[in-house]
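Q: Here it is, the structure, as structure tokens.
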Amino acid sequence: MSKYETLAEGLAAVKIDGARYHLFLCLGPDCAPLTEGELTWRRLKELCAESAVPVMRTKAGCLRVCTGGPWLVVYPDGVWYGGVTPERCERIVREHIGQGQPIAEWIVKRHPLTGTA
Ligand code: FES
């Protein structure tokens, strides 16, 4: 049984229309302890809900780096943050998402995607 009756309801729940960022957080267990990842995810959810900027967020099972996590990837910017904590989420959401200013000293890799669609 599906959570939503229609596809339109499901897409509305994702808040895809108007979203400016899509955040993917790996909770572990290979890049970081799952308990740490879960705490970071909970804080990220709260901050995204409070943000004035429309954001989609996805809990990722594994981003295949498998060390130095929890990992947070911010698209469309292609910014990869490692070692993300609940406290670091606060600055990332405030400055990167809210003001468009990535936290340079926490960026491990930057790789914006340039699809053709
Ligand atoms: S478990 Fe987090 S990157 Fe693989």
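Starting from 1 in every chain, residues are counted up; chains themselves are A, B, ... following the order of the structure tokens, and ligands are numbered from 1 as listed.
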How close does each residue of chain A get to ligand 1, giving the shortest atom pair and distance in Å to one decimal for every residue with an atom at most 6 Å away, counting only C-alpha atoms and all ligand atoms, sorted by chain and residue number, as a Markdown table?
A:
```
| residue | atom | partner | partner_atom_place_in_ligand_line | distance |
| --- | --- | --- | --- | --- |
| A:Cys26 | CA | ligand 1 | 2 (Fe) | 4.8 |
| A:Leu27 | CA | ligand 1 | 2 (Fe) | 6.0 |
| A:Gly28 | CA | ligand 1 | 1 (S) | 3.9 |
| A:Pro29 | CA | ligand 1 | 1 (S) | 4.9 |
| A:Asp30 | CA | ligand 1 | 1 (S) | 4.0 |
| A:Cys31 | CA | ligand 1 | 2 (Fe) | 4.2 |
| A:Cys62 | CA | ligand 1 | 4 (Fe) | 3.9 |
| A:Leu63 | CA | ligand 1 | 3 (S) | 4.0 |
| A:Arg64 | CA | ligand 1 | 4 (Fe) | 4.2 |
| A:Val65 | CA | ligand 1 | 3 (S) | 4.1 |
| A:Cys66 | CA | ligand 1 | 4 (Fe) | 3.5 |
| A:Gly69 | CA | ligand 1 | 2 (Fe) | 5.9 |
```
Q: Name all residues at most 9 Å from Gly78 in chain A (count only C-alpha atoms; drop same-chain ones fewer than 6 positions away) and give them as a short mmCIF file (atom, residue, chain, number, x, y, z; two decimals) with N, CA, C and O atoms, in the first residue's frame.
A:
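Result written to selection38.cif:
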```cif
data_model
loop_
_atom_site.label_atom_id
_atom_site.label_comp_id
_atom_site.auth_asym_id
_atom_site.auth_seq_id
_atom_site.Cartn_x
_atom_site.Cartn_y
_atom_site.Cartn_z
N LYS A 109 35.04 18.39 -1.03
CA LYS A 109 35.06 18.26 -2.49
C LYS A 109 33.96 19.14 -3.07
O LYS A 109 32.89 19.25 -2.49
N ARG A 110 34.26 19.73 -4.21
CA ARG A 110 33.24 20.52 -4.90
C ARG A 110 33.14 20.00 -6.32
O ARG A 110 34.14 19.98 -7.05
N HIS A 111 31.95 19.56 -6.70
CA HIS A 111 31.76 19.00 -8.04
C HIS A 111 30.32 19.25 -8.49
O HIS A 111 29.47 18.35 -8.44
N PRO A 112 30.03 20.47 -8.96
CA PRO A 112 28.68 20.74 -9.47
C PRO A 112 28.40 19.86 -10.68
O PRO A 112 29.30 19.63 -11.49
N LEU A 113 27.20 19.36 -10.78
CA LEU A 113 26.83 18.54 -11.92
C LEU A 113 26.32 19.44 -13.04
O LEU A 113 25.65 20.45 -12.77
#
```
Q: Can you list, as a list in words, every residue of range 39-104 of chain A that DSSP puts in strand (DSSP E or B)?
A: Val55, Met56, Arg57, Thr58, Lys59, Ala60, Leu72, Val73, Val74, Tyr75, Val79, Trp80 and Tyr81 of chain A
Q: With only C-alpha atoms as the atoms that count, which of A:Arg43, A:Gly37, A:Ala19, A:Gly100 lies nearest to Val79 in chain A?
A: A:Gly100
Q: With only C-alpha atoms as the atoms that count, which of A:Cys89, A:Val74, A:Ala8, A:Ile16 lies nearest to Trp41 in chain A?
A: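 Closest to Trp41 in chain A of all the choices is A:Cys89.
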Q: Just list as an MDAnalysis selection string whatever in range 47-97 of chain A DSSP marks as helix (DSSP H, G or I).
A: chainID A and resid 47:50 86:97
Q: Could those selected residues go to a file with N, CA and C atoms, as a PDB file, in the first residue's frame?
A:
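Result went into part.pdb, see below:
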```pdb
ATOM      1  N   LEU A  47      16.160  22.140  10.921  1.00  0.00           N
ATOM      2  CA  LEU A  47      16.668  23.381  10.331  1.00  0.00           C
ATOM      3  C   LEU A  47      16.064  23.634   8.954  1.00  0.00           C
ATOM      4  N   CYS A  48      15.893  22.585   8.178  1.00  0.00           N
ATOM      5  CA  CYS A  48      15.283  22.747   6.857  1.00  0.00           C
ATOM      6  C   CYS A  48      13.828  23.191   6.997  1.00  0.00           C
ATOM      7  N   ALA A  49      13.141  22.652   7.982  1.00  0.00           N
ATOM      8  CA  ALA A  49      11.738  23.030   8.189  1.00  0.00           C
ATOM      9  C   ALA A  49      11.617  24.497   8.594  1.00  0.00           C
ATOM     10  N   GLU A  50      12.610  24.999   9.299  1.00  0.00           N
ATOM     11  CA  GLU A  50      12.586  26.393   9.760  1.00  0.00           C
ATOM     12  C   GLU A  50      13.104  27.364   8.705  1.00  0.00           C
ATOM     13  N   PRO A  86      25.456  17.889  14.120  1.00  0.00           N
ATOM     14  CA  PRO A  86      24.274  18.741  14.276  1.00  0.00           C
ATOM     15  C   PRO A  86      24.656  20.215  14.365  1.00  0.00           C
ATOM     16  N   GLU A  87      25.740  20.509  15.064  1.00  0.00           N
ATOM     17  CA  GLU A  87      26.183  21.904  15.202  1.00  0.00           C
ATOM     18  C   GLU A  87      26.612  22.475  13.852  1.00  0.00           C
ATOM     19  N   ARG A  88      27.324  21.694  13.058  1.00  0.00           N
ATOM     20  CA  ARG A  88      27.753  22.176  11.742  1.00  0.00           C
ATOM     21  C   ARG A  88      26.554  22.383  10.815  1.00  0.00           C
ATOM     22  N   CYS A  89      25.517  21.571  10.993  1.00  0.00           N
ATOM     23  CA  CYS A  89      24.306  21.752  10.167  1.00  0.00           C
ATOM     24  C   CYS A  89      23.750  23.162  10.344  1.00  0.00           C
ATOM     25  N   GLU A  90      23.830  23.672  11.546  1.00  0.00           N
ATOM     26  CA  GLU A  90      23.262  24.995  11.809  1.00  0.00           C
ATOM     27  C   GLU A  90      23.935  26.058  10.953  1.00  0.00           C
ATOM     28  N   ARG A  91      25.249  26.020  10.875  1.00  0.00           N
ATOM     29  CA  ARG A  91      25.959  27.018  10.062  1.00  0.00           C
ATOM     30  C   ARG A  91      25.759  26.755   8.561  1.00  0.00           C
ATOM     31  N   ILE A  92      25.735  25.478   8.184  1.00  0.00           N
ATOM     32  CA  ILE A  92      25.547  25.147   6.770  1.00  0.00           C
ATOM     33  C   ILE A  92      24.177  25.639   6.294  1.00  0.00           C
ATOM     34  N   VAL A  93      23.143  25.379   7.071  1.00  0.00           N
ATOM     35  CA  VAL A  93      21.803  25.813   6.648  1.00  0.00           C
ATOM     36  C   VAL A  93      21.697  27.339   6.690  1.00  0.00           C
ATOM     37  N   ARG A  94      22.273  27.937   7.709  1.00  0.00           N
ATOM     38  CA  ARG A  94      22.182  29.404   7.819  1.00  0.00           C
ATOM     39  C   ARG A  94      22.967  30.099   6.704  1.00  0.00           C
ATOM     40  N   GLU A  95      24.217  29.707   6.503  1.00  0.00           N
ATOM     41  CA  GLU A  95      25.074  30.451   5.581  1.00  0.00           C
ATOM     42  C   GLU A  95      25.033  29.921   4.150  1.00  0.00           C
ATOM     43  N   HIS A  96      25.107  28.606   3.982  1.00  0.00           N
ATOM     44  CA  HIS A  96      25.112  28.060   2.622  1.00  0.00           C
ATOM     45  C   HIS A  96      23.706  28.118   2.008  1.00  0.00           C
ATOM     46  N   ILE A  97      22.752  27.535   2.716  1.00  0.00           N
ATOM     47  CA  ILE A  97      21.391  27.484   2.179  1.00  0.00           C
ATOM     48  C   ILE A  97      20.721  28.850   2.277  1.00  0.00           C
TER      49      ILE A  97
END
```
